[in-house]
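Only one structure is covered here, and it is reproduced in the block below.
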Amino acid sequence: MTDILNFKSQRVTIIGGAKFSYSDLDECLSYGSTLISADGGANQIEETNYRVHYIIGDMDSIKNKSLWKNQGTKVIKIDEQETTDFEKCL
């Protein structure tokens with residue numbers, strides 16, 4: 001069973017595999033500073049200074065999971081295939 005993260009009223013930012021601009025990401029982070037990646041979404045910011053707090057999904061798209069773990073990112077693998085990685089984040 002997967003642990004359920006409870007952020008109560010805390011705002012978060014979730015990134016996925018679709019392209020986005022860093023200026024849009026910065027604006028989102030100004031509202032929700034906890035950054036969550038739906039699986040491979042973190043690949044887009046791998047060589048930046050952004051801190052990803054959680055990577056959640058089935059881990060079929062993330063390129064360098066050990067890099068993120070070494071930076072303190074909590075990686076939460078959910079094997080089921082009935083939902084998308086974004087839905088797993090929710």
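Order determines the names: the first chain of the structure tokens is A, the second B, and so forth; residues in each chain are numbered 1 upward, and ligands are numbered 1 upward as they are shown.
Those residues that approach range 39-51 of chain A to within 9 Å, counting only C-alpha atoms, are Ile14, Ile15, Gly16, Gly17, Ala18, Lys19, Phe20, Tyr22, Gly57, Asp58, Met59, Asp60, Ser61, Ile62, Lys63, Asn64, Leu67, Trp68, Gln71, Gly72, Thr73, Val75, Lys77, Asp85 and Phe86 of chain A; same-chain residues fewer than 6 positions away are not listed.
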**Request:** Could you give me, as number ranges by chain, each residue of chain A that DSSP assigns to strand (DSSP E or B) when run on this structure's backbone?
**Result:** A: 12-15, 34-38, 54-57, 74-77
Could the residues in this selection be written to a file with all heavy atoms, as a CSV table (one decimal), in the first residue's frame?
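This is the output file again_0.csv:
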```csv
chain,number,residue,atom,x,y,z
A,12,VAL,N,0.6,23.2,-3.8
A,12,VAL,CA,1.8,22.5,-4.5
A,12,VAL,C,1.8,22.9,-6.0
A,12,VAL,O,0.8,23.3,-6.5
A,12,VAL,CB,1.7,21.0,-4.3
A,12,VAL,CG1,1.7,20.6,-2.8
A,12,VAL,CG2,0.4,20.4,-5.0
A,13,THR,N,2.9,22.6,-6.6
A,13,THR,CA,3.0,22.7,-8.1
A,13,THR,C,3.3,21.3,-8.6
A,13,THR,O,4.3,20.7,-8.1
A,13,THR,CB,4.1,23.7,-8.4
A,13,THR,OG1,3.7,25.0,-8.0
A,13,THR,CG2,4.3,23.8,-9.9
A,14,ILE,N,2.6,20.9,-9.6
A,14,ILE,CA,2.8,19.6,-10.2
A,14,ILE,C,3.3,19.8,-11.6
A,14,ILE,O,2.6,20.5,-12.4
A,14,ILE,CB,1.6,18.7,-10.2
A,14,ILE,CG1,1.1,18.5,-8.7
A,14,ILE,CG2,1.8,17.4,-10.8
A,14,ILE,CD1,-0.2,17.7,-8.6
A,15,ILE,N,4.4,19.2,-12.0
A,15,ILE,CA,4.8,19.2,-13.4
A,15,ILE,C,4.7,17.8,-14.0
A,15,ILE,O,4.8,16.8,-13.3
A,15,ILE,CB,6.3,19.7,-13.5
A,15,ILE,CG1,7.3,18.9,-12.7
A,15,ILE,CG2,6.4,21.2,-13.1
A,15,ILE,CD1,8.7,19.2,-13.0
A,34,THR,N,6.0,23.7,-3.0
A,34,THR,CA,6.3,22.3,-3.0
A,34,THR,C,6.2,21.8,-4.4
A,34,THR,O,5.1,21.8,-5.0
A,34,THR,CB,5.4,21.5,-2.0
A,34,THR,OG1,5.6,22.0,-0.7
A,34,THR,CG2,5.7,20.0,-2.1
A,35,LEU,N,7.3,21.3,-5.0
A,35,LEU,CA,7.3,20.9,-6.4
A,35,LEU,C,7.2,19.4,-6.5
A,35,LEU,O,8.0,18.7,-5.9
A,35,LEU,CB,8.6,21.4,-7.1
A,35,LEU,CG,8.7,21.1,-8.6
A,35,LEU,CD1,7.5,21.5,-9.4
A,35,LEU,CD2,10.0,21.6,-9.1
A,36,ILE,N,6.2,18.9,-7.2
A,36,ILE,CA,5.9,17.5,-7.4
A,36,ILE,C,6.0,17.2,-8.9
A,36,ILE,O,5.5,17.9,-9.7
A,36,ILE,CB,4.5,17.1,-6.8
A,36,ILE,CG1,4.4,17.4,-5.3
A,36,ILE,CG2,4.3,15.6,-7.1
A,36,ILE,CD1,3.0,17.2,-4.8
A,37,SER,N,6.8,16.2,-9.2
A,37,SER,CA,6.9,15.7,-10.6
A,37,SER,C,6.1,14.5,-10.8
A,37,SER,O,6.2,13.5,-10.1
A,37,SER,CB,8.3,15.5,-11.0
A,37,SER,OG,8.4,14.9,-12.3
A,38,ALA,N,5.2,14.5,-11.8
A,38,ALA,CA,4.6,13.3,-12.3
A,38,ALA,C,5.6,12.5,-13.1
A,38,ALA,O,5.8,12.9,-14.3
A,38,ALA,CB,3.3,13.6,-13.1
A,54,TYR,N,9.0,15.7,-4.6
A,54,TYR,CA,8.5,14.4,-4.8
A,54,TYR,C,8.4,14.1,-6.2
A,54,TYR,O,8.1,14.9,-7.1
A,54,TYR,CB,7.1,14.3,-4.2
A,54,TYR,CG,7.0,14.6,-2.7
A,54,TYR,CD1,6.7,15.8,-2.3
A,54,TYR,CD2,7.2,13.5,-1.8
A,54,TYR,CE1,6.6,16.1,-0.9
A,54,TYR,CE2,7.0,13.8,-0.4
A,54,TYR,CZ,6.8,15.1,0.0
A,54,TYR,OH,6.7,15.4,1.3
A,55,ILE,N,8.8,12.8,-6.6
A,55,ILE,CA,8.5,12.3,-7.9
A,55,ILE,C,7.5,11.1,-7.7
A,55,ILE,O,7.9,10.2,-6.9
A,55,ILE,CB,9.8,11.8,-8.6
A,55,ILE,CG1,10.7,13.0,-8.9
A,55,ILE,CG2,9.4,11.1,-10.0
A,55,ILE,CD1,12.1,12.6,-9.5
A,56,ILE,N,6.4,11.2,-8.3
A,56,ILE,CA,5.3,10.2,-8.1
A,56,ILE,C,4.9,9.6,-9.4
A,56,ILE,O,4.7,10.3,-10.4
A,56,ILE,CB,4.1,10.8,-7.4
A,56,ILE,CG1,4.5,11.4,-6.1
A,56,ILE,CG2,3.0,9.8,-7.2
A,56,ILE,CD1,3.4,12.3,-5.4
A,57,GLY,N,4.8,8.3,-9.5
A,57,GLY,CA,4.3,7.6,-10.7
A,57,GLY,C,4.8,6.2,-10.8
A,57,GLY,O,5.4,5.6,-9.8
A,74,LYS,N,12.0,12.7,-2.6
A,74,LYS,CA,11.3,11.5,-2.3
A,74,LYS,C,10.7,10.9,-3.5
A,74,LYS,O,9.9,11.5,-4.2
A,74,LYS,CB,10.3,11.7,-1.2
A,74,LYS,CG,9.6,10.4,-0.7
A,74,LYS,CD,8.8,10.6,0.5
A,74,LYS,CE,8.2,9.3,0.8
A,74,LYS,NZ,7.9,9.0,2.2
A,75,VAL,N,11.1,9.7,-3.9
A,75,VAL,CA,10.5,9.0,-5.1
A,75,VAL,C,9.5,8.0,-4.6
A,75,VAL,O,9.8,7.1,-3.8
A,75,VAL,CB,11.7,8.3,-5.9
A,75,VAL,CG1,11.1,7.5,-7.0
A,75,VAL,CG2,12.7,9.3,-6.3
A,76,ILE,N,8.3,8.1,-5.1
A,76,ILE,CA,7.2,7.3,-4.7
A,76,ILE,C,6.7,6.5,-5.9
A,76,ILE,O,6.1,7.1,-6.8
A,76,ILE,CB,6.0,8.1,-4.1
A,76,ILE,CG1,6.5,8.9,-2.9
A,76,ILE,CG2,4.8,7.2,-3.7
A,76,ILE,CD1,5.6,9.9,-2.3
A,77,LYS,N,7.0,5.2,-6.0
A,77,LYS,CA,6.6,4.4,-7.1
A,77,LYS,C,5.2,3.8,-6.8
A,77,LYS,O,5.0,3.1,-5.8
A,77,LYS,CB,7.6,3.3,-7.3
A,77,LYS,CG,7.3,2.5,-8.6
A,77,LYS,CD,8.4,1.5,-8.9
A,77,LYS,CE,8.1,0.7,-10.1
A,77,LYS,NZ,9.1,-0.3,-10.5
```
**Request:** Have a look at CA of Leu5 in chain A and CA of Asn70 in chain A and let me know their distance in Å, one decimal.
**Result:**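 Calculated distance between CA of Leu5 in chain A and CA of Asn70 in chain A is 20.8 Å.
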**Message:** To one decimal place in Å, what is the distance between CA of Lys69 in chain A and CA of Ser21 in chain A?
**Reply:**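 Computed distance, CA of Lys69 in chain A to CA of Ser21 in chain A, equals 24.3 Å.
As for CA of Ser30 in chain A and CA of Ser66 in chain A, they are spaced 27.3 Å apart.
Running DSSP on the backbone and keeping only helix (DSSP H, G or I), the residues of chain A that qualify are Tyr22, Ser23, Asp24, Leu25, Asp26, Glu27, Cys28, Leu29, Ser30, Tyr31, Asp39, Gly40, Gly41, Ala42, Asn43, Gln44, Ile45, Lys65, Ser66, Leu67, Trp68, Lys69, Asn70, Asp85, Phe86, Glu87, Lys88 and Cys89 of chain A.
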